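*Asks:* run26.tsv is reproduced below (TSV, C-alpha atoms and all ligand atoms).
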```tsv
chain	number	residue	atom	x	y	z
Y	1	MET	CA	86.64	98.78	111.76
Y	2	SER	CA	85.96	101.41	114.44
Y	3	LEU	CA	82.82	101.34	116.54
Y	4	GLN	CA	81.64	104.57	114.88
Y	5	GLN	CA	81.65	102.78	111.55
Y	6	ILE	CA	79.09	100.27	112.73
Y	7	PHE	CA	76.67	102.78	114.28
Y	8	ALA	CA	73.14	102.36	112.84
Y	9	THR	CA	72.14	104.57	109.91
Y	10	ARG	CA	69.64	106.39	112.15
Y	11	THR	CA	72.57	108.03	113.95
Y	12	HIS	CA	73.70	109.78	110.78
Y	13	ARG	CA	71.15	112.53	111.19
Y	14	MET	CA	71.59	112.93	114.94
Y	15	LYS	CA	73.65	116.09	115.38
Y	16	ALA	CA	74.72	118.00	118.47
Y	17	SER	CA	72.19	120.75	119.18
Y	18	GLU	CA	73.53	124.23	118.69
Y	19	ILE	CA	71.57	125.37	121.73
Y	20	ARG	CA	73.00	122.70	124.04
Y	21	GLU	CA	76.54	123.50	122.91
Y	22	LEU	CA	75.87	127.17	123.44
Y	23	LEU	CA	74.45	126.75	126.90
Y	24	LYS	CA	77.86	125.53	128.01
Y	25	LEU	CA	79.35	128.98	127.32
Y	26	LEU	CA	76.80	131.07	129.11
Y	27	ASP	CA	78.18	131.16	132.64
Y	28	ARG	CA	80.47	134.11	131.85
Y	29	PRO	CA	80.03	136.94	134.36
Y	30	GLY	CA	78.16	139.92	132.92
Y	31	LEU	CA	76.82	138.01	129.94
Y	32	LEU	CA	73.14	138.61	129.26
Y	33	SER	CA	71.71	135.48	127.74
Y	34	PHE	CA	68.54	135.46	125.68
Y	35	ALA	CA	69.47	132.04	124.36
Y	36	GLY	CA	68.05	129.30	126.59
Y	37	GLY	CA	64.30	128.83	126.46
Y	38	ILE	CA	64.09	127.87	130.09
Y	39	PRO	CA	61.88	128.88	133.01
Y	40	ASP	CA	63.21	131.36	135.58
Y	41	PRO	CA	64.48	129.22	138.49
Y	42	ASP	CA	63.48	131.97	140.93
Y	43	LEU	CA	59.87	131.21	139.98
Y	44	PHE	CA	60.02	127.48	140.74
Y	45	PRO	CA	57.57	126.44	143.49
Y	46	ALA	CA	60.52	125.15	145.52
Y	47	ALA	CA	58.92	125.33	148.97
Y	48	GLU	CA	55.89	123.44	147.70
Y	49	PHE	CA	58.08	120.75	146.16
Y	50	SER	CA	60.17	120.50	149.32
Y	51	GLN	CA	57.04	119.72	151.29
Y	52	ALA	CA	55.72	117.36	148.62
Y	53	PHE	CA	58.91	115.29	148.49
Y	54	GLN	CA	59.03	115.13	152.28
Y	55	THR	CA	55.48	113.80	152.30
Y	56	CYS	CA	56.37	111.23	149.62
Y	57	LEU	CA	59.17	109.94	151.86
Y	58	THR	CA	57.10	109.49	155.01
Y	59	PRO	CA	56.37	105.89	156.10
Y	60	ALA	CA	52.82	106.19	154.76
Y	61	HIS	CA	53.97	106.96	151.20
Y	62	GLN	CA	57.57	105.82	150.72
Y	63	ALA	CA	56.72	102.27	149.67
Y	64	LYS	CA	54.82	103.68	146.69
Y	65	ALA	CA	57.07	106.68	145.99
Y	66	LEU	CA	60.31	104.71	145.71
Y	67	GLN	CA	58.85	101.65	144.02
Y	68	TYR	CA	58.33	100.62	140.37
Y	69	SER	CA	54.92	101.73	139.14
Y	70	ALA	CA	52.53	101.49	136.18
Y	71	SER	CA	53.86	102.50	132.74
Y	72	GLU	CA	50.71	104.54	132.09
Y	73	GLY	CA	51.57	106.82	135.00
Y	74	TYR	CA	50.56	107.62	138.59
Y	75	PRO	CA	46.75	107.36	138.60
Y	76	PRO	CA	45.99	110.50	140.68
Y	77	LEU	CA	48.22	112.56	138.37
Y	78	ARG	CA	46.48	111.14	135.29
Y	79	GLN	CA	43.19	112.05	136.96
Y	80	TRP	CA	44.42	115.61	137.58
Y	81	ILE	CA	45.57	115.95	133.97
Y	82	LYS	CA	42.24	114.62	132.73
Y	83	ALA	CA	40.43	117.36	134.67
Y	84	GLU	CA	42.85	119.98	133.33
Y	85	MET	CA	42.36	118.76	129.74
Y	86	VAL	CA	38.58	118.91	130.20
Y	87	ARG	CA	39.00	122.45	131.53
Y	88	ILE	CA	40.83	123.53	128.35
Y	89	GLY	CA	38.17	121.98	126.14
Y	90	VAL	CA	39.41	118.41	125.64
Y	91	PRO	CA	36.90	115.89	127.03
Y	92	CYS	CA	38.75	112.61	127.62
Y	93	GLU	CA	39.14	109.75	130.05
Y	94	VAL	CA	42.05	108.77	132.24
Y	95	ASP	CA	42.77	105.92	129.80
Y	96	ASN	CA	43.42	108.50	127.08
Y	97	ILE	CA	46.43	109.76	129.04
Y	98	LEU	CA	49.99	108.50	129.28
Y	99	ILE	CA	52.57	110.16	131.54
Y	100	THR	CA	55.94	110.61	129.83
Y	101	SER	CA	59.36	111.82	130.93
Y	102	GLY	CA	58.82	115.32	129.66
Y	103	SER	CA	56.99	115.99	126.40
Y	104	GLN	CA	60.33	115.44	124.67
Y	105	GLN	CA	59.96	111.72	125.32
Y	106	ALA	CA	56.49	111.87	123.79
Y	107	LEU	CA	57.95	113.40	120.60
Y	108	ASP	CA	60.50	110.59	120.40
Y	109	TYR	CA	57.81	107.94	120.90
Y	110	LEU	CA	55.56	109.55	118.30
Y	111	GLY	CA	58.40	109.53	115.79
Y	112	LYS	CA	58.91	105.86	116.61
Y	113	LEU	CA	55.17	105.19	116.36
Y	114	LEU	CA	54.54	106.90	113.04
Y	115	LEU	CA	57.72	107.16	110.99
Y	116	SER	CA	59.34	104.47	108.91
Y	117	PRO	CA	62.49	105.67	107.11
Y	118	GLY	CA	61.56	107.99	104.23
Y	119	ASP	CA	58.06	108.81	105.51
Y	120	THR	CA	57.07	112.46	105.37
Y	121	ALA	CA	56.69	114.67	108.45
Y	122	LEU	CA	55.18	118.13	107.95
Y	123	VAL	CA	56.81	120.70	110.19
Y	124	GLY	CA	56.89	124.47	110.34
Y	125	TRP	CA	59.90	126.24	108.85
Y	126	PRO	CA	61.06	127.13	111.49
Y	127	THR	CA	59.96	124.60	114.11
Y	128	TYR	CA	61.05	123.35	117.54
Y	129	LEU	CA	64.61	122.11	117.23
Y	130	GLY	CA	64.03	119.33	119.75
Y	131	ALA	CA	61.20	117.96	117.62
Y	132	LEU	CA	63.49	117.77	114.60
Y	133	ALA	CA	66.10	116.08	116.81
Y	134	ALA	CA	63.54	113.54	118.02
Y	135	PHE	CA	62.13	112.81	114.55
Y	136	ASN	CA	65.52	112.73	112.78
Y	137	ALA	CA	66.36	109.41	114.44
Y	138	TYR	CA	63.49	107.85	112.48
Y	139	GLU	CA	64.91	109.13	109.16
Y	140	PRO	CA	61.96	111.09	107.81
Y	141	ARG	CA	61.61	113.31	104.80
Y	142	TYR	CA	60.35	116.79	105.76
Y	143	ASP	CA	57.97	119.11	104.00
Y	144	GLN	CA	56.92	122.58	105.02
Y	145	LEU	CA	53.71	122.86	107.04
Y	146	ASN	CA	51.84	126.11	106.56
Y	147	PRO	CA	48.18	125.73	107.59
Y	148	THR	CA	47.31	129.35	106.74
Y	149	GLY	CA	49.06	129.29	103.35
Y	150	ASN	CA	47.43	128.22	100.14
Y	151	ARG	CA	49.10	124.87	99.50
Y	152	SER	CA	46.55	122.13	98.89
Y	153	PRO	CA	46.62	118.77	100.68
Y	154	ALA	CA	46.96	117.14	97.25
Y	155	SER	CA	50.24	118.99	96.67
Y	156	TYR	CA	51.70	117.51	99.87
Y	157	ARG	CA	50.59	114.04	98.81
Y	158	GLN	CA	52.00	114.47	95.33
Y	159	ALA	CA	55.35	115.82	96.54
Y	160	ALA	CA	55.64	112.85	98.92
Y	161	GLN	CA	54.62	110.32	96.26
Y	162	GLU	CA	57.22	111.67	93.85
Y	163	GLU	CA	59.83	110.57	96.36
Y	164	GLY	CA	58.13	107.26	97.14
Y	165	SER	CA	56.98	108.64	100.47
Y	166	ALA	CA	53.69	109.13	102.34
Y	167	VAL	CA	52.67	111.92	104.72
Y	168	LYS	CA	52.41	110.51	108.24
Y	169	PHE	CA	51.88	113.54	110.44
Y	170	ALA	CA	51.90	117.29	110.81
Y	171	TYR	CA	53.74	118.53	113.92
Y	172	LEU	CA	53.11	121.95	115.38
Y	173	SER	CA	52.99	123.98	118.55
Y	174	PRO	CA	49.86	126.10	117.96
Y	175	ASP	CA	50.24	128.34	121.02
Y	176	PHE	CA	53.29	130.62	121.32
Y	177	ALA	CA	55.51	128.32	119.31
Y	178	ASN	CA	59.16	127.71	119.96
Y	179	PRO	CA	60.99	129.48	118.27
Y	180	THR	CA	58.66	132.13	116.79
Y	181	GLY	CA	56.27	132.85	119.68
Y	182	GLU	CA	53.44	132.80	117.14
Y	183	THR	CA	49.94	131.43	117.68
Y	184	LEU	CA	47.89	129.65	115.03
Y	185	SER	CA	44.42	131.14	114.55
Y	186	LYS	CA	41.26	129.09	115.01
Y	187	ALA	CA	40.74	129.13	111.25
Y	188	GLY	CA	44.31	127.87	110.80
Y	189	ARG	CA	43.62	125.02	113.23
Y	190	GLU	CA	40.44	124.10	111.35
Y	191	ALA	CA	42.35	124.18	108.05
Y	192	LEU	CA	44.97	121.90	109.57
Y	193	LEU	CA	42.24	119.43	110.57
Y	194	ASP	CA	40.76	119.53	107.06
Y	195	MET	CA	44.19	118.80	105.67
Y	196	SER	CA	44.93	115.91	108.07
Y	197	GLU	CA	41.57	114.40	107.20
Y	198	GLU	CA	42.24	114.63	103.50
Y	199	LEU	CA	45.78	113.28	103.80
Y	200	GLY	CA	44.80	110.63	106.36
Y	201	CYS	CA	47.72	111.74	108.51
Y	202	ALA	CA	48.03	112.42	112.24
Y	203	VAL	CA	48.44	115.81	113.89
Y	204	ILE	CA	50.97	116.07	116.70
Y	205	GLU	CA	49.92	119.04	118.80
Y	206	ASP	CA	52.69	120.27	121.10
Y	207	GLY	CA	51.11	122.16	123.98
Y	208	ALA	CA	54.35	122.90	125.86
Y	209	TYR	CA	53.54	126.62	126.32
Y	210	GLN	CA	49.74	126.38	126.20
Y	211	ALA	CA	49.21	127.55	129.81
Y	212	LEU	CA	51.34	130.68	129.44
Y	213	ARG	CA	49.08	133.22	127.73
Y	214	TYR	CA	49.64	136.88	128.72
Y	215	GLU	CA	47.23	138.60	126.37
Y	216	GLY	CA	44.18	137.90	124.23
Y	217	GLU	CA	41.57	135.16	124.19
Y	218	SER	CA	42.69	131.56	124.34
Y	219	ILE	CA	42.01	129.46	121.24
Y	220	PRO	CA	40.81	125.87	121.68
Y	221	PRO	CA	43.50	123.22	121.19
Y	222	VAL	CA	43.46	121.46	117.81
Y	223	LEU	CA	42.40	118.30	119.66
Y	224	ALA	CA	39.43	120.14	121.19
Y	225	LEU	CA	38.30	121.29	117.74
Y	226	GLU	CA	38.64	117.78	116.35
Y	227	ILE	CA	36.68	116.25	119.23
Y	228	LYS	CA	33.89	118.76	118.44
Y	229	ARG	CA	33.89	117.61	114.80
Y	230	ARG	CA	33.88	113.92	115.53
Y	231	GLY	CA	31.89	113.77	118.76
Y	232	GLY	CA	34.61	112.08	120.81
Y	233	ILE	CA	38.34	111.55	121.17
Y	234	GLU	CA	38.39	107.92	119.99
Y	235	ASP	CA	37.97	108.86	116.32
Y	236	CYS	CA	40.51	111.71	116.46
Y	237	ARG	CA	43.78	111.89	114.52
Y	238	THR	CA	45.25	114.57	116.80
Y	239	ILE	CA	47.73	113.53	119.48
Y	240	TYR	CA	48.28	116.16	122.18
Y	241	CYS	CA	51.55	116.47	124.11
Y	242	GLY	CA	51.53	118.39	127.40
Y	243	SER	CA	54.23	119.25	129.91
Y	244	PHE	CA	54.78	120.52	133.44
Y	245	SER	CA	58.22	121.80	132.41
Y	246	LYS	CA	57.24	125.40	131.71
Y	247	THR	CA	54.77	125.67	134.59
Y	248	LEU	CA	56.20	123.70	137.54
Y	249	SER	CA	59.67	122.28	136.81
Y	250	PRO	CA	61.55	120.97	133.78
Y	251	GLY	CA	64.04	119.09	135.97
Y	252	LEU	CA	61.43	116.63	137.22
Y	253	ARG	CA	60.73	115.47	133.63
Y	254	VAL	CA	56.98	115.05	133.80
Y	255	GLY	CA	54.88	115.43	130.65
Y	256	TRP	CA	51.94	113.65	129.12
Y	257	VAL	CA	50.20	112.51	125.93
Y	258	VAL	CA	46.44	112.66	125.29
Y	259	ALA	CA	45.11	110.56	122.40
Y	260	ALA	CA	42.66	107.85	121.37
Y	261	LYS	CA	43.12	104.67	123.40
Y	262	PRO	CA	44.74	102.54	120.66
Y	263	VAL	CA	47.45	105.22	120.34
Y	264	ILE	CA	47.99	105.27	124.10
Y	265	SER	CA	48.17	101.45	124.24
Y	266	GLN	CA	50.91	101.40	121.63
Y	267	LEU	CA	52.82	104.20	123.37
Y	268	VAL	CA	52.57	102.28	126.66
Y	269	LEU	CA	54.38	99.37	124.99
Y	270	MET	CA	57.11	101.79	123.90
Y	271	LYS	CA	57.37	103.20	127.39
Y	272	GLN	CA	57.67	99.71	128.84
Y	273	ALA	CA	60.49	98.97	126.45
Y	274	ALA	CA	62.26	102.30	126.95
Y	275	ASP	CA	62.14	103.14	130.67
Y	276	LEU	CA	59.24	101.17	132.23
Y	277	HIS	CA	57.72	104.35	133.66
Y	278	SER	CA	58.54	107.94	134.58
Y	279	PRO	CA	59.94	108.40	138.12
Y	280	THR	CA	57.15	107.59	140.58
Y	281	ILE	CA	58.22	110.08	143.25
Y	282	ASN	CA	58.37	112.93	140.71
Y	283	GLN	CA	54.87	112.15	139.47
Y	284	MET	CA	53.59	112.05	143.07
Y	285	ALA	CA	55.27	115.35	143.95
Y	286	VAL	CA	54.01	117.04	140.77
Y	287	HIS	CA	50.52	115.79	141.55
Y	288	GLN	CA	50.66	117.18	145.08
Y	289	VAL	CA	51.95	120.59	143.99
Y	290	ALA	CA	49.51	120.84	141.07
Y	291	GLU	CA	46.58	119.81	143.24
Y	292	ALA	CA	47.47	122.36	145.92
Y	293	GLY	CA	47.70	125.40	143.67
Y	294	PHE	CA	48.47	125.04	139.97
Y	295	GLU	CA	46.23	127.88	138.88
Y	296	ALA	CA	47.57	130.38	141.40
Y	297	HIS	CA	51.15	129.44	140.55
Y	298	VAL	CA	50.56	129.81	136.81
Y	299	ALA	CA	48.85	133.17	137.41
Y	300	GLY	CA	52.09	134.35	139.09
Y	301	LEU	CA	54.18	133.09	136.16
Y	302	LYS	CA	51.98	134.91	133.69
Y	303	ARG	CA	52.39	138.19	135.56
Y	304	ALA	CA	56.18	137.82	135.68
Y	305	TYR	CA	56.75	136.57	132.13
Y	306	GLY	CA	54.12	138.91	130.70
Y	307	ALA	CA	55.96	141.91	132.16
Y	308	ARG	CA	59.23	140.63	130.67
Y	309	ARG	CA	57.62	140.15	127.28
Y	310	ASP	CA	56.34	143.73	127.46
Y	311	ALA	CA	59.82	144.94	128.39
Y	312	MET	CA	61.40	143.11	125.46
Y	313	LEU	CA	58.85	144.37	122.93
Y	314	ALA	CA	59.22	147.95	124.19
Y	315	ALA	CA	63.03	147.74	124.07
Y	316	LEU	CA	62.99	146.27	120.56
Y	317	GLN	CA	60.80	149.17	119.47
Y	318	GLU	CA	63.21	151.59	121.07
Y	319	PHE	CA	66.55	150.15	119.93
Y	320	MET	CA	66.20	148.16	116.72
Y	321	PRO	CA	67.39	149.84	113.55
Y	322	GLU	CA	65.31	149.96	110.37
Y	323	GLY	CA	64.98	146.75	108.41
Y	324	ILE	CA	64.55	144.43	111.40
Y	325	SER	CA	61.15	142.85	112.12
Y	326	TRP	CA	59.98	140.72	115.02
Y	327	THR	CA	56.97	138.75	116.25
Y	328	ARG	CA	54.61	139.93	119.02
Y	329	PRO	CA	53.93	136.78	121.05
Y	330	GLU	CA	50.75	136.61	123.14
Y	331	GLY	CA	52.41	134.12	125.49
Y	332	GLY	CA	55.26	131.67	125.89
Y	333	MET	CA	58.91	132.65	126.10
Y	334	PHE	CA	60.14	133.74	122.67
Y	335	VAL	CA	60.39	136.61	120.22
Y	336	TRP	CA	61.64	135.86	116.70
Y	337	LEU	CA	63.70	138.41	114.79
Y	338	THR	CA	64.12	138.62	111.04
Y	339	LEU	CA	67.22	140.57	109.97
Y	340	PRO	CA	68.12	141.95	106.57
Y	341	LYS	CA	69.13	139.13	104.19
Y	342	HIS	CA	72.86	139.89	104.31
Y	343	ILE	CA	73.18	139.46	108.09
Y	344	ASP	CA	74.00	135.91	109.21
Y	345	GLY	CA	72.69	134.99	112.68
Y	346	GLY	CA	75.62	132.68	113.43
Y	347	GLN	CA	78.21	135.35	112.59
Y	348	LEU	CA	76.24	137.88	114.57
Y	349	LEU	CA	76.24	135.62	117.63
Y	350	LYS	CA	80.04	135.42	117.59
Y	351	ARG	CA	80.25	139.20	117.55
Y	352	ALA	CA	77.47	139.49	120.14
Y	353	LEU	CA	79.38	137.30	122.59
Y	354	GLU	CA	82.70	139.08	122.02
Y	355	GLU	CA	81.66	142.70	121.64
Y	356	GLU	CA	78.44	143.09	123.60
Y	357	SER	CA	78.40	140.10	125.96
Y	358	ILE	CA	74.94	139.01	124.93
Y	359	ALA	CA	73.71	135.67	123.58
Y	360	PHE	CA	70.76	134.48	121.52
Y	361	VAL	CA	70.09	131.51	119.27
Y	362	PRO	CA	70.74	131.89	115.54
Y	363	GLY	CA	67.56	130.82	113.75
Y	364	GLN	CA	68.98	128.47	111.14
Y	365	ALA	CA	68.96	125.42	113.42
Y	366	PHE	CA	65.17	125.59	113.59
Y	367	PHE	CA	64.75	125.02	109.86
Y	368	ALA	CA	64.51	121.47	108.53
Y	369	ASP	CA	65.95	122.69	105.22
Y	370	GLY	CA	68.77	124.79	106.71
Y	371	ALA	CA	67.24	128.13	105.63
Y	372	GLY	CA	66.70	131.10	107.93
Y	373	CYS	CA	70.31	132.34	108.15
Y	374	ASN	CA	69.05	135.85	108.78
Y	375	THR	CA	66.85	135.00	111.77
Y	376	LEU	CA	67.35	134.68	115.49
Y	377	ARG	CA	65.43	133.65	118.60
Y	378	LEU	CA	65.32	135.73	121.75
Y	379	SER	CA	63.97	134.37	125.01
Y	380	PHE	CA	62.55	136.81	127.57
Y	381	SER	CA	61.83	134.29	130.34
Y	382	VAL	CA	64.87	134.51	132.60
Y	383	LEU	CA	66.18	138.07	132.88
Y	384	PRO	CA	64.58	140.94	134.82
Y	385	GLN	CA	63.13	143.83	132.82
Y	386	ASP	CA	66.08	146.22	133.24
Y	387	GLN	CA	68.52	143.62	131.94
Y	388	ILE	CA	66.22	142.81	129.04
Y	389	ARG	CA	66.26	146.50	128.12
Y	390	SER	CA	70.03	146.68	128.43
Y	391	GLY	CA	70.43	143.53	126.31
Y	392	MET	CA	68.20	144.90	123.55
Y	393	GLN	CA	70.16	148.15	123.63
Y	394	ARG	CA	73.37	146.16	123.10
Y	395	LEU	CA	71.75	144.12	120.33
Y	396	GLY	CA	70.53	147.31	118.65
Y	397	ARG	CA	74.06	148.75	118.77
Y	398	LEU	CA	75.47	145.59	117.25
Y	399	LEU	CA	72.87	145.55	114.46
Y	400	HIS	CA	73.48	149.22	113.67
Y	401	SER	CA	77.12	148.37	113.05
Y	402	ALA	CA	76.25	145.23	111.06
D	501	LIG	N1	58.09	121.23	122.93
D	501	LIG	C1	58.54	122.47	122.87
D	501	LIG	C2	57.94	123.40	121.86
D	501	LIG	C3	59.57	122.91	123.71
D	501	LIG	O1	60.02	124.16	123.62
D	501	LIG	C4	60.12	122.00	124.65
D	501	LIG	C5	61.23	122.38	125.60
D	501	LIG	N2	62.12	123.31	125.18
D	501	LIG	C6	59.61	120.70	124.68
D	501	LIG	C7	58.59	120.35	123.82
D	501	LIG	C8	60.15	119.65	125.57
D	501	LIG	O2	59.89	119.95	126.91
D	501	LIG	P1	59.84	118.88	128.05
D	501	LIG	O3	60.41	117.60	127.56
D	501	LIG	O4	60.65	119.46	129.15
D	501	LIG	O5	58.39	118.74	128.40
```
Translate the structure of the given file into structure tokens.
*Replies:*
Amino acid sequence: MSLQQIFATRTHRMKASEIRELLKLLDRPGLLSFAGGIPDPDLFPAAEFSQAFQTCLTPAHQAKALQYSASEGYPPLRQWIKAEMVRIGVPCEVDNILITSGSQQALDYLGKLLLSPGDTALVGWPTYLGALAAFNAYEPRYDQLNPTGNRSPASYRQAAQEEGSAVKFAYLSPDFANPTGETLSKAGREALLDMSEELGCAVIEDGAYQALRYEGESIPPVLALEIKRRGGIEDCRTIYCGSFSKTLSPGLRVGWVVAAKPVISQLVLMKQAADLHSPTINQMAVHQVAEAGFEAHVAGLKRAYGARRDAMLAALQEFMPEGISWTRPEGGMFVWLTLPKHIDGGQLLKRALEEESIAFVPGQAFFADGAGCNTLRLSFSVLPQDQIRSGMQRLGRLLHSA
């Protein structure tokens, strides 16, 4: 019997991510990639991090920076995050916060915390591919989350019960979601809370792009709205996941979870078992850089990414043929295109790479049920405006011929 034959059943649903495979092909000269949803490396606060790491390695700090540390996270960073959460409308204490290795680790832990095999997870169709990848290991059943639609909570419960399942959580990214760029209205967030209350399930709120709003009024996080309802975080069902990946650096792998203390305590046990703690020196450096000028840095990102979003929306308007529709994100990194039914995003990508030297992500991978063949995700975060325009011109040409 080969080793593969004795892999645990949870591995059966763990597939290679289309995006990761794709990213390997994108170094070709002249290729304009709208595929990776990554920050622009030219906008990293590299000088600030250089200084921060040097400070961490001085005799005064090295013993702490290079040593094992608490699973909950570096206390000054937790303190900084607490203040930031309060600023965005989420009153909490330091003990409501756990530092994770990116918010991706938080999604894995939350799958582990909440899902027994066969339990139901409600996710958007489409939703963040990495969330599906994290949850898949815990062998859930999925159902389609649509807080602004007219499906009743009872219908979710009934559909789950018919398969011997129970709804455990709803996962969503309410601000500038990956992959659609869409934002859930305040009424939608309230409806989601009503539903979670009625179903007795958790809400996993993914705030990965929350800080990157380029237009319009910010809407309180779902957790903020729930705290208002219940008078404090300890009775809340919402679990918030935050990240420094889109604002400071994804490579340092620093994210966080905010939730009621019993949730945090259980997650701390998972962290102890998985990796003891996130790298101490990275947490210290992130704290130093955030403390010195997070707001000013994020303001610069918003100017740069906002201009690129504008460039992409203008170019789509200029070059897309009839029959193509797209989202108008108020922040984040993505625009989502819906093509006529007969055009397959995967086939189109092959032609796009060969004929026009552009790349994007076919939308199907973002659907738990494998739908969405005629959709694709474009990221506007990395390329300068003139290249965005040129890329959309090439895409328009390709779609005309398709
Ligand atoms: N959530 C969403 C919606 C994302 O797009 C990403 C990164 N692509 C993550 C979570 C994970 O980010 P990280 O682990 O770097 O915080």
*Asks:* Please report as a tab-separated table every residue of chain Y lying within 9 Å of ligand LIG 501 (chain D), along with the nearest atom pair and their distance in Å (one decimal), using all atoms listed in the file.
*Replies:*
```
residue	atom	partner	partner_atom	distance
Y:Gly36	CA	D:LIG501	N2	8.5
Y:Gly37	CA	D:LIG501	N2	6.1
Y:Ile38	CA	D:LIG501	N2	7.0
Y:Thr100	CA	D:LIG501	O3	8.6
Y:Ser101	CA	D:LIG501	O3	6.8
Y:Gly102	CA	D:LIG501	O3	3.5
Y:Ser103	CA	D:LIG501	O5	3.7
Y:Gln104	CA	D:LIG501	O3	3.6
Y:Gln105	CA	D:LIG501	O3	6.3
Y:Ala106	CA	D:LIG501	O3	7.9
Y:Leu107	CA	D:LIG501	C7	7.7
Y:Thr127	CA	D:LIG501	C2	8.1
Y:Tyr128	CA	D:LIG501	C2	5.3
Y:Leu129	CA	D:LIG501	O1	8.1
Y:Gly130	CA	D:LIG501	C6	6.8
Y:Ala131	CA	D:LIG501	N1	7.0
Y:Leu172	CA	D:LIG501	C2	8.2
Y:Ser173	CA	D:LIG501	C2	6.0
Y:Phe176	CA	D:LIG501	C2	8.6
Y:Ala177	CA	D:LIG501	C2	6.1
Y:Asn178	CA	D:LIG501	C2	4.9
Y:Pro179	CA	D:LIG501	O1	7.6
Y:Asp206	CA	D:LIG501	N1	5.8
Y:Gly207	CA	D:LIG501	N1	7.1
Y:Ala208	CA	D:LIG501	N1	5.0
Y:Tyr209	CA	D:LIG501	C2	7.0
Y:Cys241	CA	D:LIG501	C7	8.0
Y:Gly242	CA	D:LIG501	O5	6.9
Y:Ser243	CA	D:LIG501	O5	4.5
Y:Phe244	CA	D:LIG501	O5	6.4
Y:Ser245	CA	D:LIG501	O4	4.7
Y:Lys246	CA	D:LIG501	O4	7.3
Y:Ser249	CA	D:LIG501	O4	8.2
Y:Pro250	CA	D:LIG501	O4	5.0
Y:Gly251	CA	D:LIG501	O4	7.6
Y:Leu252	CA	D:LIG501	O4	8.6
Y:Arg253	CA	D:LIG501	O4	6.0
Y:Val254	CA	D:LIG501	O5	6.7
Y:Gly255	CA	D:LIG501	O5	5.3
Y:Trp256	CA	D:LIG501	O5	8.2
Y:Met333	CA	D:LIG501	O1	8.9
```
*Asks:* At a cut-off of 12 Å, can you tabulate as a Markdown table every residue of range 11-123 of chain Y near range 190-200 of chain Y together with its closest atom pair and the distance in Å to one decimal, using only C-alpha atoms and ordering rows by chain then number?
*Replies:*
```
| residue | atom | partner | partner_atom | distance |
| --- | --- | --- | --- | --- |
| Y:Thr120 | CA | Y:Leu199 | CA | 11.4 |
| Y:Ala121 | CA | Y:Ser196 | CA | 11.8 |
| Y:Leu122 | CA | Y:Ser196 | CA | 10.5 |
| Y:Val123 | CA | Y:Leu192 | CA | 11.9 |
```
*Asks:* Within 10 Å of range 113-118 of chain Y, counting all atoms listed in the file, which residues show up once you throw out same-chain ones fewer than 4 positions away? Write them as a PyMOL selection string, please.
*Replies:* chain Y and resi 10+107-109+135-142+160+163-169+201-202+263+266-267+270
*Asks:* Closest to Gly331 in chain Y among Y:Asp310, Y:Asp119, Y:Glu318, Y:Glu93, using only C-alpha atoms?
*Replies:*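 Ranking Y:Asp310, Y:Asp119, Y:Glu318, Y:Glu93 by distance to Gly331 in chain Y, first place goes to Y:Asp310.
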*Asks:* Rounded to one decimal, what separation in Å do you get between CA of Val94 in chain Y and CA of Thr247 in chain Y?
*Replies:*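 Atom-to-atom, CA of Val94 in chain Y and CA of Thr247 in chain Y are spaced 21.3 Å apart.
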*Asks:* Show me, as a list in words, the residues that have an atom within 12 Å of Leu225 in chain Y when counting only C-alpha atoms, minus same-chain residues fewer than 2 positions from it.
*Replies:*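 Returned residues: Ile88, Gly89, Val90, Pro91, Lys186, Ala187, Gly188, Arg189, Glu190, Ala191, Leu192, Leu193, Asp194, Glu205, Ile219, Pro220, Pro221, Val222, Leu223, Ile227, Lys228, Arg229, Arg230, Gly231, Gly232, Ile233, Cys236, Arg237 and Thr238 of chain Y.
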*Asks:* Could you tell me, as an mmCIF file with C-alpha atoms, keeping the file's coordinate frame, which residues have any atom at most 6 Å from (49.2, 111.8, 122.1), counting all atoms listed in the file?
*Replies:*
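And here's out20.cif as it stands now:
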```
data_model
loop_
_atom_site.group_PDB
_atom_site.id
_atom_site.type_symbol
_atom_site.label_atom_id
_atom_site.label_comp_id
_atom_site.auth_asym_id
_atom_site.auth_seq_id
_atom_site.Cartn_x
_atom_site.Cartn_y
_atom_site.Cartn_z
ATOM 1 C CA ILE Y 239 47.730 113.530 119.480
ATOM 2 C CA TYR Y 240 48.280 116.160 122.180
ATOM 3 C CA CYS Y 241 51.550 116.470 124.110
ATOM 4 C CA VAL Y 257 50.200 112.510 125.930
ATOM 5 C CA VAL Y 258 46.440 112.660 125.290
ATOM 6 C CA ALA Y 259 45.110 110.560 122.400
#
```
*Asks:* Looking at all atoms listed in the file, which of Y:Ile281, Y:Ala47, Y:Met312, Y:Leu398 is the one that sits closest to Gly73 in chain Y?
*Replies:*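 Residue with the minimum atom-to-atom distance to Gly73 in chain Y: Y:Ile281.
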*Asks:* Rank nothing, just name the residue among Y:Gln5, Y:Gln385, Y:Asn96, Y:Ser50 nearest to Ala260 in chain Y, using only C-alpha atoms.
*Replies:* Y:Asn96
*Asks:* For CA of Met320 in chain Y and CA of Gly396 in chain Y, determine how far apart the two atoms are, in Å to one decimal place.
*Replies:* 4.8 Å
*Asks:* May I ask which of the residues Y:Arg308, Y:Ser357, Y:His400, Y:Cys56 is the closest one to Asp40 in chain Y, counting all atoms listed in the file?
*Replies:*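 That would be Y:Arg308, the residue with the smallest distance to Asp40 in chain Y.
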*Asks:* So the first atom is CA of Ser381 in chain Y and the second is CA of Ala365 in chain Y; what is the distance between them in Å, to one decimal place?
*Replies:* 20.4 Å
